[in-house]
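> Contents of target-v2.txt (compact mmCIF, C-alpha atoms):
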```
# COMPACT_ATOMS: atom_id res chain seq x y z
CA MET A 187 107.88 109.17 104.57
CA PRO A 188 104.96 106.68 104.29
CA THR A 189 103.71 105.79 100.84
CA ASP A 190 100.17 106.59 99.73
CA PRO A 191 98.20 103.31 99.60
CA PHE A 192 95.86 104.72 96.94
CA PHE A 193 98.31 105.87 94.27
CA GLU A 194 101.32 104.35 92.59
CA GLU A 195 104.43 106.10 93.89
CA GLY A 196 104.85 109.58 92.44
CA THR A 197 101.82 109.38 90.10
CA ARG A 198 98.09 110.01 90.04
CA LEU A 199 97.68 106.37 88.97
CA LEU A 200 95.41 104.47 91.37
CA THR A 201 96.71 101.16 92.71
CA PRO A 202 94.73 98.04 91.71
CA ARG A 203 92.81 97.83 95.02
CA ALA A 204 92.08 101.54 95.07
CA PHE A 205 90.99 101.47 91.43
CA ASP A 206 88.55 98.60 92.03
CA PHE A 207 87.16 100.35 95.12
CA VAL A 208 86.68 103.69 93.35
CA LEU A 209 85.25 102.05 90.20
CA ASP A 210 82.70 100.20 92.34
CA GLY A 211 81.70 103.44 94.06
CA GLU A 212 81.39 105.33 90.78
CA LEU A 213 79.27 102.55 89.30
CA LYS A 214 76.92 102.74 92.30
CA ARG A 215 76.72 106.52 91.85
CA ALA A 216 75.98 106.08 88.14
CA VAL A 217 73.16 103.66 88.98
CA ARG A 218 71.64 106.07 91.54
CA SER A 219 71.90 109.13 89.30
CA GLN A 220 71.20 107.25 86.05
CA ASN A 221 74.40 108.56 84.44
CA PHE A 222 76.72 106.95 81.97
CA LEU A 223 80.23 105.82 82.78
CA THR A 224 82.78 104.49 80.28
CA LEU A 225 85.72 102.24 81.11
CA VAL A 226 88.67 102.41 78.72
CA VAL A 227 91.43 99.80 79.03
CA LEU A 228 94.87 99.96 77.48
CA GLU A 229 96.79 96.69 77.32
CA THR A 230 100.44 97.54 76.76
CA CYS A 231 102.96 95.01 75.48
CA ARG A 232 106.65 95.33 74.62
CA GLU A 233 108.14 93.74 71.54
CA TRP A 234 111.58 92.29 71.92
CA ASP A 235 113.47 89.85 69.70
CA GLY A 236 110.31 88.86 67.84
CA MET A 237 108.45 88.16 71.08
CA THR A 238 105.60 90.11 72.66
CA MET A 239 105.40 90.36 76.45
CA THR A 240 103.34 92.32 78.95
CA ALA A 241 104.91 95.71 79.60
CA ASP A 242 106.56 96.40 82.92
CA ALA A 243 105.25 98.91 85.47
CA GLY A 244 107.62 101.61 84.18
CA THR A 245 106.22 101.36 80.66
CA VAL A 246 102.63 101.33 81.93
CA GLY A 247 103.47 104.42 83.99
CA GLU A 248 104.91 106.12 80.91
CA VAL A 249 101.71 105.41 78.94
CA ALA A 250 99.66 106.61 81.94
CA ARG A 251 101.48 109.96 81.93
CA ILE A 252 100.72 110.38 78.23
CA VAL A 253 97.05 109.45 78.69
CA GLY A 254 96.78 111.69 81.77
CA HIS A 255 97.44 114.77 79.63
CA GLU A 256 94.33 114.08 77.53
CA VAL A 257 91.73 113.51 80.25
CA ARG A 258 90.07 115.58 82.95
CA ASP A 259 91.57 115.58 86.44
CA THR A 260 88.26 114.16 87.66
CA ASP A 261 88.50 111.10 85.41
CA LEU A 262 90.01 108.08 87.12
CA LEU A 263 93.26 106.56 85.96
CA GLY A 264 94.40 103.29 87.49
CA VAL A 265 95.97 99.93 86.97
CA THR A 266 94.27 96.58 87.43
CA GLU A 267 95.66 93.46 89.09
CA ARG A 268 96.60 92.23 85.60
CA GLY A 269 98.68 95.38 85.02
CA THR A 270 96.23 96.84 82.52
CA LEU A 271 96.02 100.62 82.45
CA SER A 272 92.40 101.65 82.95
CA LEU A 273 90.60 104.94 82.57
CA VAL A 274 87.11 105.72 83.86
CA LEU A 275 85.35 108.54 82.03
CA LEU A 276 82.68 109.80 84.39
CA ASP A 277 79.32 110.97 83.04
CA ALA A 278 80.36 109.95 79.53
CA ASP A 279 78.43 107.68 77.21
CA TYR A 280 80.15 105.56 74.57
CA GLU A 281 79.66 108.14 71.82
CA ASN A 282 81.15 111.02 73.82
CA SER A 283 83.97 108.77 74.99
CA ALA A 284 85.01 108.25 71.37
CA ARG A 285 86.30 111.83 71.24
CA VAL A 286 88.46 111.26 74.32
CA ILE A 287 89.70 107.96 72.91
CA ASP A 288 90.62 109.71 69.63
CA ARG A 289 92.63 112.33 71.57
CA VAL A 290 94.40 109.62 73.57
CA VAL A 291 95.28 107.69 70.39
CA ARG A 292 96.59 110.84 68.67
CA ARG A 293 98.71 111.64 71.73
CA ILE A 294 100.13 108.10 71.87
CA ASP A 295 100.77 108.17 68.13
CA SER A 296 102.77 111.40 68.42
CA TYR A 297 104.89 110.14 71.34
CA ASP A 298 108.34 108.79 70.52
CA PHE A 299 108.60 105.56 72.52
CA PRO A 300 112.21 104.39 72.85
CA THR A 301 111.35 100.73 72.19
CA PRO A 302 108.66 98.96 70.14
CA LEU A 303 105.26 98.73 71.83
CA ARG A 304 101.80 97.39 71.11
CA ILE A 305 98.86 99.08 72.77
CA SER A 306 95.38 97.62 72.44
CA LEU A 307 92.64 99.96 73.55
CA GLY A 308 89.14 98.75 74.37
CA ALA A 309 86.10 100.41 75.89
CA ALA A 310 82.73 99.58 77.40
CA CYS A 311 79.99 101.76 78.81
CA TYR A 312 77.62 101.46 81.75
CA PRO A 313 74.68 100.73 81.28
CA THR A 314 75.02 100.03 77.55
CA HIS A 315 77.46 97.11 77.77
CA ALA A 316 77.51 96.02 81.44
CA VAL A 317 76.10 96.88 84.85
CA ASP A 318 78.83 95.80 87.29
CA GLY A 319 82.58 96.33 87.59
CA ASP A 320 83.76 92.84 86.63
CA ALA A 321 81.45 92.65 83.62
CA LEU A 322 82.45 96.17 82.55
CA LYS A 323 86.16 95.21 82.67
CA HIS A 324 85.48 92.03 80.73
CA GLN A 325 83.47 93.90 78.09
CA ALA A 326 86.10 96.63 77.74
CA LEU A 327 88.82 94.02 77.22
CA SER A 328 86.72 92.17 74.64
CA ARG A 329 85.61 95.30 72.73
CA PRO A 330 88.77 96.53 70.96
CA VAL A 331 88.55 100.03 69.58
CA VAL A 332 92.13 100.58 68.39
CA SER A 333 95.28 98.52 68.16
CA TRP A 334 98.42 100.66 68.01
CA ARG A 335 101.94 99.55 67.20
CA GLY A 336 104.98 101.79 67.24
CA GLY A 337 108.22 102.75 68.88
CA ALA A 338 111.82 103.42 67.96
CA ALA A 339 112.40 100.32 65.87
CA ASP A 340 108.97 100.23 64.25
CA ALA A 341 107.10 103.48 63.81
CA GLY A 342 103.50 102.56 63.19
CA ALA A 343 100.06 104.01 63.05
CA PRO A 344 96.88 103.05 64.83
CA GLU A 345 95.03 100.17 63.28
CA THR A 346 91.28 99.91 63.59
CA PRO A 347 90.15 96.32 64.18
CA HIS A 348 87.77 94.80 61.68
```
What would you get if you wrote out this structure as structure tokens?


Amino acid sequence: MPTDPFFEEGTRLLTPRAFDFVLDGELKRAVRSQNFLTLVVLETCREWDGMTMTADAGTVGEVARIVGHEVRDTDLLGVTERGTLSLVLLDADYENSARVIDRVVRRIDSYDFPTPLRISLGAACYPTHAVDGDALKHQALSRPVVSWRGGAADAGAPETPH
């Protein structure tokens, strides 16, 4: 059976190329219709033996499944070339996106991860913060909203950056 080139195997998670393609198309649509669009990025790291390293695809997939329960089916969920989980909230300004982000954080906080994790969540909105895909990704990565730390060895709560 051939694999779907748009989605990671067995998930609704867009592959990096598909995610970039769809994000570009949605940004063009937002420009034409003068709608908002918010990009939320979740950088996931594992903690092991006092070291922090980028999470593997399995862990990112696990976080994606958790996040997927809190968003609309029409919102886009994908992974970037860097392995960062990304969520595009269509027709959502930054203020309205905050409610979705709060739900996602609560869901992550209530999940019992088997190993310690760090999840940094950032967000940026078109046209408020950027007007093209690359700039929107950069802004979302540089605009932290929540930094979460938890897992089996270290149950933690979300921390709001100062």

> Report as JSON lines the residues of stretch 239-317 of chain A within 8 Å of stretch 199-216 of chain A, each with its shortest atom pair and distance in Å (one decimal), using only C-alpha atoms, ordered by chain and increasing residue number.


```
{"residue": "A:Gly247", "atom": "CA", "partner": "A:Leu199", "partner_atom": "CA", "distance": 7.9}
{"residue": "A:Ala250", "atom": "CA", "partner": "A:Leu199", "partner_atom": "CA", "distance": 7.3}
{"residue": "A:Leu262", "atom": "CA", "partner": "A:Leu200", "partner_atom": "CA", "distance": 7.8}
{"residue": "A:Leu263", "atom": "CA", "partner": "A:Leu199", "partner_atom": "CA", "distance": 5.4}
{"residue": "A:Gly264", "atom": "CA", "partner": "A:Leu200", "partner_atom": "CA", "distance": 4.2}
{"residue": "A:Val265", "atom": "CA", "partner": "A:Pro202", "partner_atom": "CA", "distance": 5.3}
{"residue": "A:Thr266", "atom": "CA", "partner": "A:Pro202", "partner_atom": "CA", "distance": 4.5}
{"residue": "A:Glu267", "atom": "CA", "partner": "A:Pro202", "partner_atom": "CA", "distance": 5.4}
{"residue": "A:Val274", "atom": "CA", "partner": "A:Leu209", "partner_atom": "CA", "distance": 7.6}
{"residue": "A:Leu276", "atom": "CA", "partner": "A:Glu212", "partner_atom": "CA", "distance": 7.9}
{"residue": "A:Asp277", "atom": "CA", "partner": "A:Ala216", "partner_atom": "CA", "distance": 7.8}
{"residue": "A:Tyr312", "atom": "CA", "partner": "A:Leu213", "partner_atom": "CA", "distance": 7.8}
{"residue": "A:Val317", "atom": "CA", "partner": "A:Leu213", "partner_atom": "CA", "distance": 7.9}
```

> Save out the residues we just selected, C-alpha atoms, as a JSON list (two decimals), in the frame of the given file.


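Contents of part_11.json, freshly written:
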```json
[["chain", "number", "residue", "atom", "x", "y", "z"],
["A", 247, "GLY", "CA", 103.47, 104.42, 83.99],
["A", 250, "ALA", "CA", 99.66, 106.61, 81.94],
["A", 262, "LEU", "CA", 90.01, 108.08, 87.12],
["A", 263, "LEU", "CA", 93.26, 106.56, 85.96],
["A", 264, "GLY", "CA", 94.40, 103.29, 87.49],
["A", 265, "VAL", "CA", 95.97, 99.93, 86.97],
["A", 266, "THR", "CA", 94.27, 96.58, 87.43],
["A", 267, "GLU", "CA", 95.66, 93.46, 89.09],
["A", 274, "VAL", "CA", 87.11, 105.72, 83.86],
["A", 276, "LEU", "CA", 82.68, 109.80, 84.39],
["A", 277, "ASP", "CA", 79.32, 110.97, 83.04],
["A", 312, "TYR", "CA", 77.62, 101.46, 81.75],
["A", 317, "VAL", "CA", 76.10, 96.88, 84.85]]
```

> Just to confirm, what's the straight-line distance from atom CA of A:Pro330 to atom CA of A:Val217 in Å (one decimal)?

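Computed distance, atom CA of A:Pro330 to atom CA of A:Val217, equals 24.9 Å.
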
> Rounded to one decimal in Å, what is the spacing between atom CA of A:Val249 and atom CA of A:Arg293?

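Between atom CA of A:Val249 and atom CA of A:Arg293 the gap is 10.0 Å.
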
> Which residue out of A:Met239, A:Leu271, A:Ile305, A:Ile287 has the minimum interatomic distance to A:Lys323 when all atoms listed in the file are used?

A:Leu271

> Measure the distance from atom CA of A:Val227 to atom CA of A:Asp298 in Å and round it to one decimal.

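A separation of 21.0 Å between them.
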
> Counting only C-alpha atoms, figure out which residue out of A:Gly308, A:Asp259, A:Ile252, A:Thr224 gets nearest to A:Ser296.

A:Ile252

> Using only C-alpha atoms, which of A:Pro302, A:Pro191, A:Gly236, A:Gly254 sits nearest A:Gly336?

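Looking at the shortest contact to A:Gly336, the residue is A:Pro302.
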
> For A:Asp235, which residue out of A:Arg268, A:Ala310, A:Thr301, A:Arg258 is the nearest one, using only C-alpha atoms?

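With only C-alpha atoms as the atom set, the closest residue is A:Thr301.
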
> A:Val332, A:Arg292, A:Val226, A:Cys311: which is nearest A:His255, counting only C-alpha atoms?

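Of A:Val332, A:Arg292, A:Val226, A:Cys311, the one nearest A:His255, counting only C-alpha atoms, is A:Arg292.
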
> Between A:Ser328, A:Gln220, A:Ser333, A:Thr238, which one has atoms that come closest to A:Ile294, using all atoms listed in the file?

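The closest residue to A:Ile294 is A:Ser333.
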
> Kindly compute an axis-aligned box around the listed atoms of stretch 252-260 of chain A, allowing 6 Å on each side, and express its centre and edge lengths in Å to one decimal as AutoDock Vina command-line options.


```
--center_x 94.5 --center_y 112.5 --center_z 82.6 --size_x 24.5 --size_y 18.1 --size_z 22.1
```

> Kindly complete stretch 287-313 of chain A to N, CA and C atoms; the output should be written as a CSV table (one decimal), in the frame of the given file.


```csv
chain,number,residue,atom,x,y,z
A,287,ILE,N,88.9,109.1,73.4
A,287,ILE,CA,89.7,108.0,72.9
A,287,ILE,C,90.5,108.4,71.7
A,288,ASP,N,89.9,109.2,70.8
A,288,ASP,CA,90.6,109.7,69.6
A,288,ASP,C,91.8,110.6,70.1
A,289,ARG,N,91.6,111.5,71.1
A,289,ARG,CA,92.6,112.3,71.6
A,289,ARG,C,93.8,111.5,72.2
A,290,VAL,N,93.4,110.5,72.9
A,290,VAL,CA,94.4,109.6,73.6
A,290,VAL,C,95.2,108.9,72.5
A,291,VAL,N,94.6,108.4,71.5
A,291,VAL,CA,95.3,107.7,70.4
A,291,VAL,C,96.2,108.6,69.6
A,292,ARG,N,95.7,109.9,69.4
A,292,ARG,CA,96.6,110.8,68.7
A,292,ARG,C,97.8,111.2,69.5
A,293,ARG,N,97.6,111.3,70.8
A,293,ARG,CA,98.7,111.6,71.7
A,293,ARG,C,99.7,110.5,71.8
A,294,ILE,N,99.2,109.3,71.9
A,294,ILE,CA,100.1,108.1,71.9
A,294,ILE,C,100.9,108.0,70.5
A,295,ASP,N,100.2,108.3,69.5
A,295,ASP,CA,100.8,108.2,68.1
A,295,ASP,C,101.9,109.2,67.9
A,296,SER,N,101.8,110.3,68.6
A,296,SER,CA,102.8,111.4,68.4
A,296,SER,C,103.9,111.3,69.4
A,297,TYR,N,103.8,110.3,70.3
A,297,TYR,CA,104.9,110.1,71.3
A,297,TYR,C,106.0,109.2,70.8
A,298,ASP,N,107.2,109.6,71.0
A,298,ASP,CA,108.3,108.8,70.5
A,298,ASP,C,108.8,107.8,71.6
A,299,PHE,N,108.2,106.6,71.6
A,299,PHE,CA,108.6,105.6,72.5
A,299,PHE,C,110.0,105.1,72.1
A,300,PRO,N,110.9,104.8,73.1
A,300,PRO,CA,112.2,104.4,72.8
A,300,PRO,C,112.3,102.9,72.4
A,301,THR,N,111.3,102.1,72.6
A,301,THR,CA,111.4,100.7,72.2
A,301,THR,C,110.0,100.4,71.6
A,302,PRO,N,109.9,99.3,70.8
A,302,PRO,CA,108.7,99.0,70.1
A,302,PRO,C,107.6,98.5,71.2
A,303,LEU,N,106.4,99.0,71.0
A,303,LEU,CA,105.3,98.7,71.8
A,303,LEU,C,104.0,98.4,71.0
A,304,ARG,N,103.2,97.6,71.6
A,304,ARG,CA,101.8,97.4,71.1
A,304,ARG,C,100.8,97.8,72.2
A,305,ILE,N,99.9,98.6,71.8
A,305,ILE,CA,98.9,99.1,72.8
A,305,ILE,C,97.5,98.8,72.2
A,306,SER,N,96.7,97.9,72.9
A,306,SER,CA,95.4,97.6,72.4
A,306,SER,C,94.4,98.4,73.4
A,307,LEU,N,93.6,99.1,72.8
A,307,LEU,CA,92.6,100.0,73.6
A,307,LEU,C,91.2,99.5,73.3
A,308,GLY,N,90.5,99.2,74.4
A,308,GLY,CA,89.1,98.8,74.4
A,308,GLY,C,88.3,99.6,75.3
A,309,ALA,N,87.0,99.6,75.1
A,309,ALA,CA,86.1,100.4,75.9
A,309,ALA,C,84.7,99.8,76.0
A,310,ALA,N,84.1,100.0,77.2
A,310,ALA,CA,82.7,99.6,77.4
A,310,ALA,C,82.0,100.6,78.3
A,311,CYS,N,80.7,100.7,78.1
A,311,CYS,CA,80.0,101.8,78.8
A,311,CYS,C,78.9,101.2,79.7
A,312,TYR,N,78.8,101.8,80.9
A,312,TYR,CA,77.6,101.5,81.8
A,312,TYR,C,76.5,102.4,81.4
A,313,PRO,N,75.3,102.0,81.2
A,313,PRO,CA,74.7,100.7,81.3
A,313,PRO,C,74.6,100.0,79.9
```
